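Quick look at target-v6.csv (CSV, C-alpha atoms):
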chain,number,residue,atom,x,y,z
A,161,MET,CA,133.8,293.8,94.4
A,162,MET,CA,136.9,292.2,96.0
A,163,ARG,CA,138.8,295.5,95.9
A,164,ARG,CA,135.8,297.2,97.5
A,165,PHE,CA,135.8,294.6,100.3
A,166,ILE,CA,139.6,295.0,100.9
A,167,ALA,CA,139.1,298.8,100.9
A,168,VAL,CA,136.3,298.7,103.5
A,169,ALA,CA,138.3,296.3,105.7
A,170,ALA,CA,141.4,298.5,105.5
A,171,PHE,CA,139.4,301.6,106.3
A,172,LEU,CA,138.0,299.9,109.4
A,173,LEU,CA,141.4,298.8,110.5
A,174,LEU,CA,142.9,302.3,110.1
A,175,THR,CA,139.9,303.8,111.9
A,176,ARG,CA,140.5,301.4,114.8
A,177,VAL,CA,144.1,302.3,115.1
A,178,ALA,CA,143.4,306.1,114.9
A,179,GLN,CA,140.2,306.0,117.0
A,180,ALA,CA,139.7,309.1,119.0
A,181,ASP,CA,137.3,309.9,121.8
A,182,VAL,CA,133.8,311.2,120.7
A,183,ARG,CA,131.5,313.7,122.3
A,184,ILE,CA,128.7,312.5,124.5
A,185,LYS,CA,126.1,314.4,122.5
A,186,ASP,CA,127.1,312.4,119.4
A,187,ILE,CA,126.4,309.0,120.9
A,188,THR,CA,123.5,309.8,123.2
A,189,ALA,CA,120.1,311.6,123.3
A,190,PRO,CA,117.9,312.6,126.2
A,191,ILE,CA,114.8,310.4,126.7
A,192,GLY,CA,111.6,312.4,126.2
A,193,PRO,CA,112.0,314.6,123.1
A,194,ARG,CA,111.1,312.7,120.0
A,195,ASP,CA,109.8,313.3,116.4
A,196,TYR,CA,106.1,313.4,116.0
A,197,GLN,CA,104.9,311.5,112.9
A,198,LEU,CA,102.4,313.2,110.5
A,199,ILE,CA,100.4,311.9,107.6
A,200,GLY,CA,98.1,313.3,105.0
A,201,TYR,CA,96.3,312.4,101.7
A,202,GLY,CA,96.6,314.7,98.7
A,203,LEU,CA,96.7,315.2,95.0
A,204,VAL,CA,99.6,315.8,92.7
A,205,ILE,CA,98.9,317.8,89.5
A,206,GLY,CA,100.9,318.9,86.5
A,207,LEU,CA,102.2,315.4,85.5
A,208,GLN,CA,103.0,314.8,81.8
A,209,GLY,CA,100.7,311.8,81.3
A,210,THR,CA,102.4,309.7,84.0
A,211,GLY,CA,99.6,310.0,86.6
A,212,ASP,CA,96.9,307.6,87.7
A,213,THR,CA,94.6,305.8,85.3
A,214,LEU,CA,91.3,307.0,86.6
A,215,ARG,CA,89.6,303.8,85.7
A,216,ASN,CA,92.0,301.8,87.9
A,217,ALA,CA,92.2,304.4,90.6
A,218,PRO,CA,88.6,305.7,91.3
A,219,PHE,CA,89.7,307.5,94.5
A,220,THR,CA,91.8,309.8,92.4
A,221,GLU,CA,88.8,310.8,90.3
A,222,GLN,CA,86.7,311.3,93.4
A,223,SER,CA,89.4,313.5,95.0
A,224,ALA,CA,89.7,315.6,91.9
A,225,SER,CA,85.9,316.0,91.6
A,226,ALA,CA,85.7,317.0,95.3
A,227,LEU,CA,88.6,319.5,94.8
A,228,LEU,CA,86.9,321.1,91.8
A,229,ASP,CA,83.5,321.3,93.5
A,230,ARG,CA,85.1,323.2,96.4
A,231,MET,CA,86.5,325.7,93.9
A,232,GLY,CA,83.1,326.2,92.2
A,233,VAL,CA,83.6,323.9,89.2
A,234,ASN,CA,80.7,321.5,88.8
A,235,VAL,CA,81.8,318.1,87.5
A,236,LYS,CA,78.8,316.0,86.5
A,237,PRO,CA,78.8,312.4,87.7
A,238,ASN,CA,78.3,311.0,84.2
A,239,ASN,CA,81.1,313.1,82.8
A,240,THR,CA,84.0,310.7,83.3
A,241,MET,CA,87.4,312.4,83.6
A,242,ARG,CA,90.1,311.0,81.2
A,243,THR,CA,93.2,313.0,82.2
A,244,ARG,CA,96.4,311.3,83.3
A,245,ASN,CA,98.0,314.4,84.8
A,246,LEU,CA,96.7,313.6,88.3
A,247,ALA,CA,98.0,311.3,91.0
A,248,ALA,CA,96.7,310.4,94.5
A,249,VAL,CA,99.5,310.5,97.0
A,250,MET,CA,100.2,309.9,100.7
A,251,VAL,CA,102.2,312.7,102.3
A,252,THR,CA,104.4,311.9,105.4
A,253,ALA,CA,106.6,314.0,107.6
A,254,ALA,CA,108.4,313.9,110.9
A,255,LEU,CA,107.7,316.9,113.2
A,256,PRO,CA,110.8,317.6,115.3
A,257,PRO,CA,110.5,318.3,119.0
A,258,PHE,CA,110.2,321.9,120.2
A,259,VAL,CA,109.5,323.2,116.7
A,260,GLY,CA,107.6,326.5,116.7
A,261,TRP,CA,104.7,327.8,114.8
A,262,GLY,CA,105.6,329.0,111.3
A,263,SER,CA,108.6,326.8,110.9
A,264,THR,CA,109.0,324.6,107.8
A,265,ILE,CA,109.9,320.9,107.5
A,266,ASP,CA,110.5,318.5,104.6
A,267,VAL,CA,107.8,316.1,103.5
A,268,THR,CA,107.9,312.8,101.5
A,269,VAL,CA,105.3,312.2,98.8
A,270,SER,CA,104.5,308.6,97.7
A,271,SER,CA,102.2,307.5,94.9
A,272,LEU,CA,99.0,305.7,96.0
A,273,GLY,CA,97.6,304.6,92.6
A,274,ASP,CA,99.2,303.3,89.4
A,275,ALA,CA,101.1,306.5,88.4
A,276,THR,CA,104.4,305.7,86.7
A,277,SER,CA,106.2,308.9,87.8
A,278,LEU,CA,105.7,312.0,89.9
A,279,MET,CA,108.4,314.0,88.1
A,280,GLY,CA,107.4,317.6,87.4
A,281,GLY,CA,104.3,317.4,89.6
A,282,THR,CA,103.1,319.8,92.2
A,283,LEU,CA,101.4,318.8,95.5
A,284,VAL,CA,98.1,320.6,96.1
A,285,LEU,CA,97.4,322.0,99.6
A,286,THR,CA,97.4,319.0,101.9
A,287,SER,CA,96.7,318.9,105.7
A,288,LEU,CA,99.0,316.8,107.8
A,289,THR,CA,97.6,315.3,110.9
A,290,GLY,CA,99.0,313.5,113.9
A,291,ILE,CA,97.8,310.4,115.7
A,292,ASP,CA,95.3,312.5,117.7
A,293,GLY,CA,93.6,313.7,114.5
A,294,ALA,CA,94.7,317.3,114.9
A,295,VAL,CA,96.2,319.2,111.9
A,296,TYR,CA,99.8,320.1,112.7
A,297,ALA,CA,101.1,321.2,109.3
A,298,ILE,CA,100.1,322.2,105.8
A,299,ALA,CA,102.1,320.9,102.8
A,300,GLN,CA,102.2,322.2,99.2
A,301,GLY,CA,104.8,322.7,96.5
A,302,PRO,CA,106.8,321.2,93.6
A,303,ILE,CA,108.1,317.7,94.0
A,304,ALA,CA,111.7,316.7,93.6
A,305,VAL,CA,112.1,313.2,92.2
A,306,SER,CA,115.5,311.5,92.0
A,307,GLY,CA,114.5,308.6,89.7
A,308,PHE,CA,112.9,308.5,86.3
A,309,ALA,CA,110.8,306.1,84.2
A,310,ALA,CA,110.6,306.0,80.4
A,311,GLN,CA,108.5,303.5,78.4
A,312,GLY,CA,108.0,302.9,74.7
A,313,GLN,CA,106.1,300.2,72.8
A,314,ASN,CA,108.8,297.5,73.1
A,315,GLU,CA,111.1,298.7,75.9
A,316,SER,CA,111.0,300.5,79.2
A,317,LEU,CA,113.8,302.1,81.3
A,318,THR,CA,113.6,302.8,85.0
A,319,HIS,CA,116.2,304.4,87.2
A,320,GLY,CA,115.6,304.7,90.9
A,321,VAL,CA,112.1,305.1,92.3
A,322,ALA,CA,110.1,307.7,90.3
A,323,THR,CA,106.9,307.3,92.3
A,324,VAL,CA,108.4,308.8,95.5
A,325,GLY,CA,109.6,312.3,95.9
A,326,ARG,CA,110.4,315.0,98.5
A,327,ILE,CA,109.5,318.6,98.9
A,328,PRO,CA,112.2,320.4,100.8
A,329,ASN,CA,110.7,322.8,103.4
A,330,GLY,CA,107.3,321.9,101.8
A,331,ALA,CA,105.2,321.9,105.0
A,332,THR,CA,104.5,324.9,107.3
A,333,ILE,CA,103.9,324.2,111.0
A,334,GLU,CA,100.4,325.3,112.1
A,335,ARG,CA,100.4,323.7,115.6
A,336,GLU,CA,103.3,323.0,117.9
A,337,PRO,CA,103.8,319.3,118.9
A,338,PRO,CA,103.1,318.1,122.4
A,339,ARG,CA,106.0,318.8,124.7
A,340,PRO,CA,107.5,316.1,126.9
A,341,THR,CA,106.8,316.4,130.6
A,342,ALA,CA,109.6,317.5,132.9
A,343,ASP,CA,108.6,315.0,135.6
A,344,GLY,CA,111.1,312.3,136.5
A,345,PRO,CA,114.9,312.1,136.3
A,346,LEU,CA,116.9,313.2,133.2
A,347,VAL,CA,118.1,310.1,131.3
A,348,LEU,CA,120.6,309.9,128.4
A,349,GLN,CA,119.9,307.0,126.0
A,350,LEU,CA,122.8,305.5,124.1
A,351,ARG,CA,122.3,305.1,120.3
A,352,ASN,CA,124.5,302.0,120.3
A,353,PRO,CA,124.0,300.1,123.6
A,354,ASP,CA,127.1,298.9,125.5
A,355,TYR,CA,127.8,298.5,129.2
A,356,THR,CA,131.4,299.8,128.9
A,357,THR,CA,130.4,302.9,127.1
A,358,SER,CA,127.6,303.6,129.6
A,359,VAL,CA,130.1,303.4,132.5
A,360,ARG,CA,132.6,305.6,130.7
A,361,ILE,CA,129.9,308.3,130.1
A,362,ALA,CA,128.9,308.2,133.8
A,363,ASP,CA,132.6,308.5,134.9
A,364,ALA,CA,133.2,311.4,132.5
A,365,VAL,CA,130.1,313.3,133.7
A,366,ASN,CA,131.0,312.7,137.4
A,367,LYS,CA,134.5,314.0,136.9
A,368,PHE,CA,133.2,317.2,135.3
A,369,THR,CA,130.4,317.7,137.9
A,370,ARG,CA,132.8,317.2,140.9
A,371,GLU,CA,134.9,320.1,139.6
A,372,ARG,CA,132.0,322.4,138.7
A,373,TYR,CA,129.2,321.4,141.1
A,374,LYS,CA,131.2,319.7,143.8
A,375,ALA,CA,129.1,316.5,143.5
A,376,PRO,CA,128.7,313.4,141.3
A,377,LEU,CA,125.5,313.7,139.3
A,378,ALA,CA,125.5,310.7,136.9
A,379,GLN,CA,124.8,307.0,137.5
A,380,GLU,CA,124.9,304.3,134.8
A,381,ARG,CA,121.6,302.5,134.8
A,382,ASP,CA,122.1,299.7,132.2
A,383,ASP,CA,123.8,299.3,128.8
A,384,ARG,CA,121.3,301.7,127.2
A,385,SER,CA,120.9,304.6,129.6
A,386,VAL,CA,122.7,306.9,132.0
A,387,MET,CA,120.6,308.7,134.7
A,388,LEU,CA,121.5,312.3,135.5
A,389,ARG,CA,120.5,314.6,138.4
A,390,LEU,CA,120.2,318.3,137.7
A,391,PRO,CA,122.4,320.6,139.9
A,392,ARG,CA,120.7,323.2,142.0
A,393,GLY,CA,119.7,326.3,140.0
A,394,ALA,CA,120.7,324.8,136.6
A,395,HIS,CA,118.4,324.3,133.7
A,396,ALA,CA,118.3,321.0,131.8
A,397,THR,CA,119.2,322.7,128.5
A,398,ARG,CA,122.4,324.3,129.9
A,399,PHE,CA,123.4,321.2,131.8
A,400,LEU,CA,123.0,319.0,128.7
A,401,ALA,CA,125.0,321.5,126.7
A,402,GLU,CA,127.8,321.4,129.2
A,403,ILE,CA,128.1,317.6,129.4
A,404,GLY,CA,127.5,317.2,125.7
A,405,ASP,CA,131.0,318.4,124.8
A,406,LEU,CA,132.7,315.9,127.1
A,407,ARG,CA,134.6,313.1,125.3
A,408,VAL,CA,134.6,309.4,126.0
A,409,ALA,CA,136.0,306.3,124.3
A,410,VAL,CA,133.3,304.3,122.6
A,411,GLU,CA,133.3,300.5,122.9
A,412,THR,CA,131.4,298.6,120.2
A,413,PRO,CA,130.6,294.8,120.3
A,414,ALA,CA,132.2,292.5,117.7
A,415,ARG,CA,129.9,292.3,114.8
A,416,VAL,CA,129.8,291.2,111.2
A,417,VAL,CA,127.1,292.8,108.9
A,418,ILE,CA,126.2,291.0,105.7
A,419,ASP,CA,124.0,292.4,103.0
A,420,GLU,CA,123.3,289.6,100.6
A,421,ARG,CA,121.4,291.8,98.1
A,422,THR,CA,124.4,294.0,97.3
A,423,GLY,CA,127.2,291.6,98.3
A,424,THR,CA,128.5,294.0,101.0
A,425,VAL,CA,130.4,292.7,104.0
A,426,VAL,CA,131.4,294.9,106.9
A,427,ILE,CA,133.6,293.4,109.6
A,428,GLY,CA,134.2,295.1,112.9
A,429,ALA,CA,137.7,295.7,114.3
A,430,ASP,CA,137.1,293.4,117.3
A,431,VAL,CA,135.9,290.4,115.3
A,432,GLN,CA,138.0,287.2,115.8
A,433,ILE,CA,137.9,283.8,114.2
A,434,SER,CA,139.3,280.7,115.8
A,435,PRO,CA,141.6,278.6,113.7
A,436,VAL,CA,139.6,276.7,111.0
A,437,ALA,CA,140.3,275.0,107.7
A,438,VAL,CA,138.1,276.3,104.9
A,439,THR,CA,137.7,275.2,101.3
A,440,HIS,CA,135.2,276.7,98.8
A,441,GLY,CA,134.3,275.4,95.3
A,442,GLY,CA,131.4,275.7,93.0
A,443,LEU,CA,129.8,273.2,90.6
A,444,THR,CA,128.5,274.7,87.3
A,445,VAL,CA,126.0,272.8,85.2
A,446,ARG,CA,125.3,274.1,81.7
A,447,ILE,CA,122.4,272.9,79.6
A,448,THR,CA,122.4,273.9,75.9
A,449,GLU,CA,119.5,273.4,73.5
A,450,THR,CA,120.5,273.3,69.8
A,451,PRO,CA,117.6,273.3,67.3
A,452,GLU,CA,118.0,271.0,64.3
A,453,VAL,CA,115.9,270.6,61.1
A,454,SER,CA,114.8,267.1,60.1
A,455,GLN,CA,114.2,267.1,56.3
A,456,PRO,CA,112.3,264.0,54.9
A,457,ALA,CA,113.4,262.3,51.7
A,458,PRO,CA,111.9,263.5,48.4
A,459,LEU,CA,108.4,262.1,47.4
A,460,SER,CA,108.1,260.4,50.8
A,461,ASN,CA,105.0,262.5,51.9
A,462,GLY,CA,106.9,263.3,55.1
A,463,ARG,CA,106.9,266.6,57.0
A,464,THR,CA,109.8,268.9,57.8
A,465,THR,CA,110.2,269.1,61.7
A,466,VAL,CA,112.4,270.9,64.1
A,467,THR,CA,114.1,268.8,66.8
A,468,ASN,CA,116.2,269.9,69.8
A,469,GLN,CA,119.6,268.5,70.5
A,470,THR,CA,120.3,268.8,74.2
A,471,THR,CA,123.9,269.0,75.6
A,472,ILE,CA,124.7,268.9,79.3
A,473,THR,CA,128.1,269.7,80.7
A,474,ALA,CA,129.2,270.0,84.3
A,475,ALA,CA,132.4,271.6,85.6
A,476,GLU,CA,133.6,272.0,89.1
A,477,GLN,CA,136.0,274.7,90.1
A,478,SER,CA,139.2,273.6,91.8
A,479,GLY,CA,139.1,274.7,95.5
A,480,GLN,CA,142.1,275.0,97.8
A,481,VAL,CA,142.1,274.4,101.6
A,482,ALA,CA,143.3,277.4,103.6
A,483,MET,CA,143.7,278.0,107.3
A,484,ILE,CA,141.9,281.0,108.6
A,485,ALA,CA,142.6,282.5,112.0
A,486,GLY,CA,142.0,286.2,112.8
A,487,PRO,CA,143.0,287.5,116.2
A,488,THR,CA,143.2,290.9,114.5
A,489,LEU,CA,141.3,292.4,111.6
A,490,LYS,CA,144.4,292.7,109.5
A,491,GLN,CA,145.1,289.0,109.8
A,492,LEU,CA,141.5,288.0,109.2
A,493,VAL,CA,141.3,290.0,106.0
A,494,ARG,CA,144.6,288.5,104.8
A,495,GLY,CA,143.3,285.0,105.5
A,496,LEU,CA,140.1,285.6,103.5
A,497,ASN,CA,142.0,287.1,100.6
A,498,GLU,CA,144.3,284.1,100.4
A,499,ILE,CA,141.4,282.0,99.2
A,500,GLY,CA,140.8,284.4,96.3
A,501,LEU,CA,137.0,284.6,96.6
A,502,LYS,CA,134.4,287.1,95.5
A,503,PRO,CA,132.2,288.8,98.1
A,504,THR,CA,129.4,286.2,97.6
A,505,GLY,CA,131.9,283.5,98.4
A,506,ILE,CA,133.1,285.4,101.5
A,507,ILE,CA,129.5,285.7,102.7
A,508,SER,CA,129.0,281.9,102.4
A,509,ILE,CA,132.2,281.2,104.2
A,510,LEU,CA,131.4,283.6,107.1
A,511,GLN,CA,128.0,282.0,107.5
A,512,ALA,CA,129.6,278.5,107.6
A,513,ILE,CA,132.3,279.6,110.1
A,514,LYS,CA,129.5,281.0,112.3
A,515,SER,CA,127.6,277.7,112.2
A,516,ALA,CA,130.9,275.9,113.1
A,517,GLY,CA,131.2,278.1,116.2
A,518,ALA,CA,134.5,279.6,115.1
A,519,LEU,CA,133.3,283.2,114.4
A,520,GLN,CA,133.6,285.1,117.7
A,521,ALA,CA,131.2,287.8,116.8
A,522,TYR,CA,127.5,288.6,116.3
A,523,LEU,CA,126.5,287.9,112.7
A,524,VAL,CA,123.9,290.3,111.2
A,525,ILE,CA,122.3,289.3,107.9
A,526,GLN,CA,120.3,292.0,106.2

Can you present the structure in this file as C-alpha cells?
Amino acid sequence: MMRRFIAVAAFLLLTRVAQADVRIKDITAPIGPRDYQLIGYGLVIGLQGTGDTLRNAPFTEQSASALLDRMGVNVKPNNTMRTRNLAAVMVTAALPPFVGWGSTIDVTVSSLGDATSLMGGTLVLTSLTGIDGAVYAIAQGPIAVSGFAAQGQNESLTHGVATVGRIPNGATIEREPPRPTADGPLVLQLRNPDYTTSVRIADAVNKFTRERYKAPLAQERDDRSVMLRLPRGAHATRFLAEIGDLRVAVETPARVVIDERTGTVVIGADVQISPVAVTHGGLTVRITETPEVSQPAPLSNGRTTVTNQTTITAAEQSGQVAMIAGPTLKQLVRGLNEIGLKPTGIISILQAIKSAGALQAYLVIQ
C-alpha cells in the first residue's frame, strides 16, 4: 500500500511537470443537451436455479403469470409455481441527446427480489419509459454479469456483484428524446469549475474569433460557465466544433481526496502544508482466553469443569516526531514517507493536520 501511495504521488508530480494544454471540448460541455433517464420493469429467464424464491417475491410470480397469460398459457391461481429460474428486475438506461430512431443503447439490469445471481439469464422484452410516462426504448437480450456467487452447505463464495448486469446495445430506440430549445445564449459549462480556467477559455475563444470573425464572441460568466455569441451565418454545431479544438491551460484547486474504505490517498500538485511537528503511534491491546480443565479428586463426588484463563497484554508502538512542510508535492511526499506509515496512518495524519489548520487545501473524504 505504501508503494502504491508513493507511485500515485510520483505520477501526479510528473504529470504536473509535463502538464500540457487541453482542448476546450474535453473540459466543457454546452448547457442544454443532456441524457434522458429511462426505467422499466421486466423478467429475466433462463437462470440455473439462482432466481427469485417465488414465496418471498410474489411480484415475480404475478409477472410470470401475466406474461404466460398474454402468450395464451393459462396458469391457474391455485397452481403455485415452484421454479427458481426467474427473477424480477429493474432495467435502467441513459438516452443520449440527439439520438435517432432505431439506434441502440446499453442497459443495466438489477435484481429486484432475492435472486442470488443473474448470470446466464436473458431479459424478456421490456418497455423503457421516461419521466413523462412515454415509451422511448425496448430492451431485450442476454445479460453479461461480471461477478459470480457460489454456495454450498457450509460455505459460500462471492466475487463482485452477481445481481447486477449489463446488456450492450440491448435497447432499441423507439422514440427520440425531447430536443433542447435553441432560445437564449450559447453557454459552455466547465466540468471542473475554476475562475482562472473560465477566463482562459474566454480569452482563447476571443483570440480565435477576432482572427476569423473580426469580433470577440466569448465572455466569462462565473467559475462554471462561459457565454458565447454565435457569429452571423454560423450554425451552433460548426461553431462549437471550431472552438472545441482550441487549447487552454487548466487550473485546478488544491485538493486532497481520501477514500477510507480502500485506503487510497490522492494529493493534488498544488497542495501545501505549513511546517508542523507530527508523531504517530498505536496502542495494541490483546486479550487471550485459554480454556483449562478442572479435574476433581477421586471419590470426591465432584464434577469436571472447564475454566477460562484470561491474559491481557498491551503494547504501544514507538513513534518518532518528524517535521513536515510541503511547499511542493515532492517535498510533501518525502516528509510523509520519513515517518514510515501505512496509508491508514497517512489518512489520520492528514485529517489531523487539516484540523490544525496547516493543510492548505480542500480535504475530500469519501

Check your understanding: Got a sec: who's within 12 Å of Ala294 (chain A), counting all atoms listed in the file, leaving out chain neighbours fewer than 6 positions off, as a ChimeraX atom specification?
Key -> /A:197-200,287-288,334-338

Here's a test: counting all atoms listed in the file, identify every protein, DNA and RNA residue with an atom at most 12 Å from (123.4, 313.6, 133.6) in the file's coordinate frame, and state them as an mmCIF file with C-alpha atoms, in the coordinates of the input.
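Resulting contents of point26.cif:
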data_model
loop_
_atom_site.group_PDB
_atom_site.id
_atom_site.type_symbol
_atom_site.label_atom_id
_atom_site.label_comp_id
_atom_site.auth_asym_id
_atom_site.auth_seq_id
_atom_site.Cartn_x
_atom_site.Cartn_y
_atom_site.Cartn_z
ATOM 1 C CA ILE A 184 128.700 312.500 124.500
ATOM 2 C CA LYS A 185 126.100 314.400 122.500
ATOM 3 C CA THR A 188 123.500 309.800 123.200
ATOM 4 C CA ALA A 189 120.100 311.600 123.300
ATOM 5 C CA PRO A 190 117.900 312.600 126.200
ATOM 6 C CA ILE A 191 114.800 310.400 126.700
ATOM 7 C CA PRO A 345 114.900 312.100 136.300
ATOM 8 C CA LEU A 346 116.900 313.200 133.200
ATOM 9 C CA VAL A 347 118.100 310.100 131.300
ATOM 10 C CA LEU A 348 120.600 309.900 128.400
ATOM 11 C CA GLN A 349 119.900 307.000 126.000
ATOM 12 C CA SER A 358 127.600 303.600 129.600
ATOM 13 C CA ILE A 361 129.900 308.300 130.100
ATOM 14 C CA ALA A 362 128.900 308.200 133.800
ATOM 15 C CA ASP A 363 132.600 308.500 134.900
ATOM 16 C CA ALA A 364 133.200 311.400 132.500
ATOM 17 C CA VAL A 365 130.100 313.300 133.700
ATOM 18 C CA ASN A 366 131.000 312.700 137.400
ATOM 19 C CA LYS A 367 134.500 314.000 136.900
ATOM 20 C CA PHE A 368 133.200 317.200 135.300
ATOM 21 C CA THR A 369 130.400 317.700 137.900
ATOM 22 C CA ALA A 375 129.100 316.500 143.500
ATOM 23 C CA PRO A 376 128.700 313.400 141.300
ATOM 24 C CA LEU A 377 125.500 313.700 139.300
ATOM 25 C CA ALA A 378 125.500 310.700 136.900
ATOM 26 C CA GLN A 379 124.800 307.000 137.500
ATOM 27 C CA GLU A 380 124.900 304.300 134.800
ATOM 28 C CA ARG A 381 121.600 302.500 134.800
ATOM 29 C CA SER A 385 120.900 304.600 129.600
ATOM 30 C CA VAL A 386 122.700 306.900 132.000
ATOM 31 C CA MET A 387 120.600 308.700 134.700
ATOM 32 C CA LEU A 388 121.500 312.300 135.500
ATOM 33 C CA ARG A 389 120.500 314.600 138.400
ATOM 34 C CA LEU A 390 120.200 318.300 137.700
ATOM 35 C CA PRO A 391 122.400 320.600 139.900
ATOM 36 C CA ALA A 394 120.700 324.800 136.600
ATOM 37 C CA HIS A 395 118.400 324.300 133.700
ATOM 38 C CA ALA A 396 118.300 321.000 131.800
ATOM 39 C CA THR A 397 119.200 322.700 128.500
ATOM 40 C CA ARG A 398 122.400 324.300 129.900
ATOM 41 C CA PHE A 399 123.400 321.200 131.800
ATOM 42 C CA LEU A 400 123.000 319.000 128.700
ATOM 43 C CA ALA A 401 125.000 321.500 126.700
ATOM 44 C CA GLU A 402 127.800 321.400 129.200
ATOM 45 C CA ILE A 403 128.100 317.600 129.400
ATOM 46 C CA GLY A 404 127.500 317.200 125.700
ATOM 47 C CA LEU A 406 132.700 315.900 127.100
#

Exercise for review: Can you work out which one of A:Gly232, A:Pro503, A:Gly301, A:Gly280 has the shortest atom-to-atom distance to Arg421 (chain A), counting all atoms listed in the file?
Suggested key: A:Pro503

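Of the listed residues (A:Thr323, A:Asn234, A:Thr424, A:Asn216), A:Thr323 comes nearest to Val249 (chain A); the distances count only C-alpha atoms.
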
Point to revise | Selected residue, from A:Val305, A:Val267, A:Leu523, A:Leu278, that lies nearest to Gly206 (chain A) when counting all atoms listed in the file | key: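 Between A:Val305, A:Val267, A:Leu523, A:Leu278, the residue approaching Gly206 (chain A) most closely is A:Leu278.
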
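Interatomic distance, CA of Ile513 (chain A) against CA of Pro435 (chain A): 10.0 Å.
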
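Residue nearest Phe258 (chain A), chosen from A:Gly325, A:Pro353, A:Gly192, A:Gly330 and counting all atoms listed in the file: A:Gly192.
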
Review point. What's the 10 Å shell around Asp181 (chain A), counting all atoms listed in the file, without same-chain residues fewer than 6 positions away, as JSON, numbers by chain?
Key: {"A": [406, 407, 408, 409, 410]}

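For the set A:Ser223, A:Gly202, A:Pro302, A:Thr357, the residue with the smallest atom-to-atom gap to Arg183 (chain A) is A:Thr357, counting all atoms listed in the file.
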